[in-house]
There are 2 protein chains.
Amino acid sequence: MVTRADVARRAGTSTAVVSYVINDGPRPVAASTRERVLKAIAELGYRPNRVAQALRGQRSRVIGLIVPDISNPFYAELARVIENRADLLGYTLVLGNSEQDAQRELRYVRTFLDRQADGLILISGSSSDELTTLFSEIPVPFILLDRRINYAPNAFLLATDGVAGAAMATNHLIELGHRSIAAMCGPTRMPSERAKGYLQAMKQAGLAPVLYHSADFDRQSTYDLACQILRTAARPSAIFATFDLAGISILRAAADCGVSVPREVAVIAYDDVQESRFTIPRLSTVAQPTSELGQLAAEHLIGLIENKVDRTFGMKLITPHLIVRESCGAASAGSLSQG
Amino acid sequence: MVTRADVARRAGTSTAVVSYVINDGPRPVAASTRERVLKAIAELGYRPNRVAQALRGQRSRVIGLIVPDISNPFYAELARVIENRADLLGYTLVLGNSEQDAQRELRYVRTFLDRQADGLILISGSSSDELTTLFSEIPVPFILLDRRINYAPNAFLLATDGVAGAAMATNHLIELGHRSIAAMCGPTRMPSERAKGYLQAMKQAGLAPVLYHSADFDRQSTYDLACQILRTAARPSAIFATFDLAGISILRAAADCGVSVPREVAVIAYDDVQESRFTIPRLSTVAQPTSELGQLAAEHLIGLIENKVDRTFGMKLITPHLIVRESCGAASAGSLSQG
DNA sequence: TTGAAAGCGTTACCAT
DNA sequence: ATGGTAACGCTTTCAA
């Protein structure tokens with residue numbers, strides 16, 4: 001390995017000067033010296049050892065990202081834009097899957113901290129109390145992304161307004177004339193903003209809410225639940241799924257149960273993953289602006305790390321918007337307004 | 001930050017002994033001393049600084065994973081099992097998206113190496129020549145995953161047999177009675193094993209191959225191409241898509257073009273991402289054993305890093321298998337055998 | 001403008 | 001069995 005000392009030797013100067021050249025400071029270097037150093041660097045193919053830099057300075061230029069499950073398209077899309085942005089700003093991403101497990105999440109926080117990560121982005125899978133205490137001890141800036149839980153005073157919160165979004169979806173269904181609207185949520189252990197928004201909208205419309213919870217967040221368990229819902233005697237005429245994966249599973253389940261979407265059951269979901277633009281029928285959904293969310297998360301975190309950003313504002317809520325596609329039928333479908 | 005010296009001081013011993021206790025070696029420690037050290041560690045909440053360890057030792061316990069695009073479900077699923085395995089074995093994953101770009105890929109290799117990654121897993125998006133030279137200079141073990149290109153003498157190659165798999169898919173279509181079978185591949189810049197398998201199978205059956213190339217690997221461009229294919233006068237009766245995402249796009253395009261799958265056009269793809277089990281109709285495909293692939297990649301790489309594995313065997317090809325679902329119709333559909 | 005050297009938190013060798 | 005200490009590659013202060 002070629003080190004700074006090798007470069008210094010070859011350039012006939014000291015390691016300090018090499019450092020100044022590379023970092024453009026903190027002190028000026030004579031043009032001729034700089035020249036020699038640059039030449040030596042090129043000739044030797046020297047590249048600074050980031051580990052040594054991290055140990056010496058306080059900065060590792062690493063940020064940690066903890067997601068519940070990278071194979072969930074929503075998180076994957078988020079990870080993609082975060083990685084992109086981080087890379088652009090000179091940071092490397094370390095990745096962890098928490099699998100919605102508080103212990104794993106905790107372990108990852110510690111691991112990343114032990115590696116001197118400069119900051120953390122958490123899409124936290126766990127409920128408040130378990131982690132709040134520990135979160136308050138995280139000695140670096142961190143962002144709680146997409147979930148409005150685990151609020152810690154030292155965290156920055158970034159999410160779409162799930163209550164508002166879910167209400168939008170529910171109201172869309174109501175405006176379409178549906179009276180019997182069920183909501184399909186993730187596991188009960190997860191507190192859900194979106195369930196709350198659904199409940200509010202239903203209440204406001206004087207409708208009776210029905211809440212279902214899948215065993216997990218994956219395709220199979222949401223599919224299983226969807227089949228069950230579609231086969232009940234009192235089958236709802238519309239279902240609001242709190243995440244796209246569930247909505248997509250409903251589409252599949254409906255086909256298997258011989259119920260037509262949107263004619264016999266309308267489906268609307270939440271997230272707007274790419275996949276939902278290509279399902280049959282195309283899935284109406286509440287769009288989380290994934291790019292904006294990820295970009296903002298990365299930029300704000302790095303701004304925090306580099307002290308370039310206002311620390312006083314601890315939360316940002318983005319308003320999601322409705323995307324009407326095919327899975328709810330046309331807004332003008334009068335045949336639905338019977339109840 | 002609490003350091004080893006703090007622990008030593010509190011335990012009334014030297015940092016060396018603390019080291020021996022933590023690492024269970026390389027030298028023995030008296031039971032009573034060990035006791036004191038352990039107590040001090042617990043009381044202080046000491047955790048070793050991984051950066052310092054990495055600098056001092058040669059091992060960082062970090063592995064780098066470079067994928068073309070983490071938002072592509074196949075790579076995301078792979079990343080998930082790799083991450084899982086790595087974590088289990090005590091390694092942390094750093095992630096990079098190459099976006100099929102050789103320069104980016106190169107940059108990531110360097111970045112990860114500068115961070116003293118102990119090993120690399122590359123799902124290389126680029127063609128051989130560009131990177132081969134550089135690959136031969138990678139000073140750590142690395143695995144070329146899923147793509148049979150960029151073969152470098154110091155790399156371990158792990159992939160499914162794309163030629164065989166593609167031939168399976170094509171032959172399945174042929175056995176179903178199809179004569180006019182098109183293949184839909186990724187961008188021309190990527191050499192494709194799978195195209196080769198298709199070509200071979202067609203030739204062997206005495207059928208005329210037709211190759212299409214999408215502009216990119218994403219949903220939109222494969223969808224666009226699919227529409228184009230389905231609207232040609234000489235519409236094929238079957239399409240083999242070299243990756244699931246393309247197959248799924250064909251399903252969508254067919255619905256939009258008013259052609260029925262599998263009745264008017266049969267579709268088969270390659271990868272077996274989770275999504276393909278839930279499409280309408282369900283997608284027949286050639287299954288890459290994702291779990292096996294990812295697990296093997298992680299385990300072999302770490303075996304290589306820790307010198308626990310035979311270095312002589314430089315390649316492993318896994319035979320994929322056919323998964324018949326709905327998008328090609330029943331194997332007994334005699335109505336198709338007209339040509 | 002530049003060189004020497006201290007120190008970041010570890011590990012492991014050389015002593016005792 | 002244990003302590004002292006050099007070294008990993010870097011940054012930055014102190015001196016010149």
# chains A, B, ... in the order shown; residues from 1 in each chain; ligands from 1
>>> closest_atom_pairs(of="chain A", to="chain C", cutoff="10 Å", atoms="only C-alpha atoms (C1' of nucleotides)", output="tab-separated table")
residue	atom	partner	partner_atom	distance
A:Thr13	CA	C:DG3	C1'	8.2
A:Ser14	CA	C:DG3	C1'	6.3
A:Thr15	CA	C:DG3	C1'	8.8
A:Ala16	CA	C:DG3	C1'	7.9
A:Val17	CA	C:DT2	C1'	7.4
A:Arg27	CA	C:DT1	C1'	9.2
A:Pro28	CA	C:DT1	C1'	7.8
A:Val29	CA	C:DT1	C1'	6.8
A:Ala30	CA	C:DT1	C1'	6.8
A:Thr33	CA	C:DT1	C1'	9.6
A:Ala52	CA	C:DC8	C1'	8.8
A:Gln53	CA	C:DC8	C1'	9.4
A:Ala54	CA	C:DC8	C1'	8.8
A:Leu55	CA	C:DC8	C1'	5.4
A:Arg56	CA	C:DC8	C1'	4.5
A:Gly57	CA	C:DC8	C1'	7.4
A:Gln58	CA	C:DC8	C1'	8.7
>>> interface_residues(of="chain B", to="chain A", cutoff="6 Å", atoms="only C-alpha atoms", output="list in words")
Asn49, Arg50, Val51, Ile70, Ser71, Ala76, Glu77, Arg80, Leu93, Val94, Leu95, Asp114, Arg115, Arg252 and Phe278 of chain B
>>> write_last_selection(atoms="N, CA and C atoms", output="compact mmCIF listing (two decimals), in the first residue's frame")
# COMPACT_ATOMS: atom_id res chain seq x y z
N ASN B 49 -13.79 0.53 19.24
CA ASN B 49 -13.92 1.36 18.05
C ASN B 49 -13.47 0.57 16.83
N ARG B 50 -14.44 0.29 15.97
CA ARG B 50 -14.16 -0.55 14.79
C ARG B 50 -13.21 0.11 13.81
N VAL B 51 -13.23 1.41 13.80
CA VAL B 51 -12.34 2.12 12.87
C VAL B 51 -10.89 1.93 13.30
N ILE B 70 -30.53 -0.91 -6.98
CA ILE B 70 -31.15 -1.56 -5.82
C ILE B 70 -32.68 -1.53 -5.91
N SER B 71 -33.24 -0.67 -6.74
CA SER B 71 -34.70 -0.64 -6.81
C SER B 71 -35.24 -1.69 -7.78
N ALA B 76 -32.60 -6.26 -5.24
CA ALA B 76 -32.99 -5.97 -3.87
C ALA B 76 -33.12 -7.27 -3.07
N GLU B 77 -33.70 -8.28 -3.69
CA GLU B 77 -33.85 -9.55 -2.99
C GLU B 77 -32.49 -10.18 -2.72
N ARG B 80 -30.82 -8.36 0.02
CA ARG B 80 -31.38 -8.72 1.31
C ARG B 80 -30.73 -9.96 1.88
N LEU B 93 -22.34 -4.28 5.65
CA LEU B 93 -22.41 -4.13 4.20
C LEU B 93 -22.40 -2.66 3.79
N VAL B 94 -21.52 -2.31 2.86
CA VAL B 94 -21.65 -1.00 2.24
C VAL B 94 -22.20 -1.21 0.84
N LEU B 95 -23.06 -0.28 0.44
CA LEU B 95 -23.82 -0.50 -0.78
C LEU B 95 -23.57 0.58 -1.83
N ASP B 114 -10.72 1.97 -0.56
CA ASP B 114 -10.16 3.03 0.28
C ASP B 114 -10.68 2.93 1.72
N ARG B 115 -11.85 2.35 1.83
CA ARG B 115 -12.41 2.16 3.17
C ARG B 115 -11.99 0.83 3.76
N ARG B 252 -48.51 -6.07 -18.81
CA ARG B 252 -49.21 -4.79 -18.78
C ARG B 252 -49.47 -4.28 -20.20
N PHE B 278 -47.33 -12.95 -8.23
CA PHE B 278 -48.58 -12.25 -7.92
C PHE B 278 -49.13 -11.44 -9.08
>>> residues_around(residues="stretch 225-234 of chain A", least_positions_apart="6", cutoff="12 Å", atoms="only C-alpha atoms (C1' of nucleotides)", output="JSON, numbers by chain")
{"A": [180, 181, 182, 183, 184, 185, 186, 187, 210, 211, 212, 213, 214, 215, 216, 217, 218, 219, 240, 241, 245, 246, 247, 248, 249, 250, 251, 252, 253, 254, 255, 256, 257, 258, 259, 260, 261, 264, 265, 266, 267]}
>>> atom_distance(atom1="atom CA of B:Pro153", atom2="atom CA of B:Val140")
12.4 Å
>>> interface_residues(of="chain D", to="chain B", cutoff="12 Å", atoms="only C-alpha atoms (C1' of nucleotides)", output="number ranges by chain")
D: 1-10
>>> write_last_selection(atoms="C-alpha atoms (C1' of nucleotides)", output="compact mmCIF listing (two decimals), in the first residue's frame")
# COMPACT_ATOMS: atom_id res chain seq x y z
C1' DA D 1 0.35 -13.64 33.73
C1' DT D 2 0.90 -8.99 32.74
C1' DG D 3 2.80 -4.10 31.50
C1' DG D 4 4.93 -1.02 28.32
C1' DT D 5 5.12 0.51 23.83
C1' DA D 6 5.63 0.78 18.74
C1' DA D 7 2.97 0.96 14.86
C1' DC D 8 -1.35 1.37 11.60
C1' DG D 9 -2.06 6.18 8.16
C1' DC D 10 -3.66 10.27 8.89
>>> decode(residues="chain D", atoms="C-alpha atoms (C1' of nucleotides)", output="short mmCIF file (atom, residue, chain, number, x, y, z; two decimals), in the first residue's frame")
data_model
loop_
_atom_site.label_atom_id
_atom_site.label_comp_id
_atom_site.auth_asym_id
_atom_site.auth_seq_id
_atom_site.Cartn_x
_atom_site.Cartn_y
_atom_site.Cartn_z
"C1'" DA D 1 0.35 -13.64 33.73
"C1'" DT D 2 0.90 -8.99 32.74
"C1'" DG D 3 2.80 -4.10 31.50
"C1'" DG D 4 4.93 -1.02 28.32
"C1'" DT D 5 5.12 0.51 23.83
"C1'" DA D 6 5.63 0.78 18.74
"C1'" DA D 7 2.97 0.96 14.86
"C1'" DC D 8 -1.35 1.37 11.60
"C1'" DG D 9 -2.06 6.18 8.16
"C1'" DC D 10 -3.66 10.27 8.89
"C1'" DT D 11 -4.34 15.55 10.53
"C1'" DT D 12 -2.87 19.55 12.67
"C1'" DT D 13 -0.45 22.15 16.05
"C1'" DC D 14 3.93 23.88 17.27
"C1'" DA D 15 8.34 25.56 15.82
"C1'" DA D 16 11.27 27.19 12.64
#
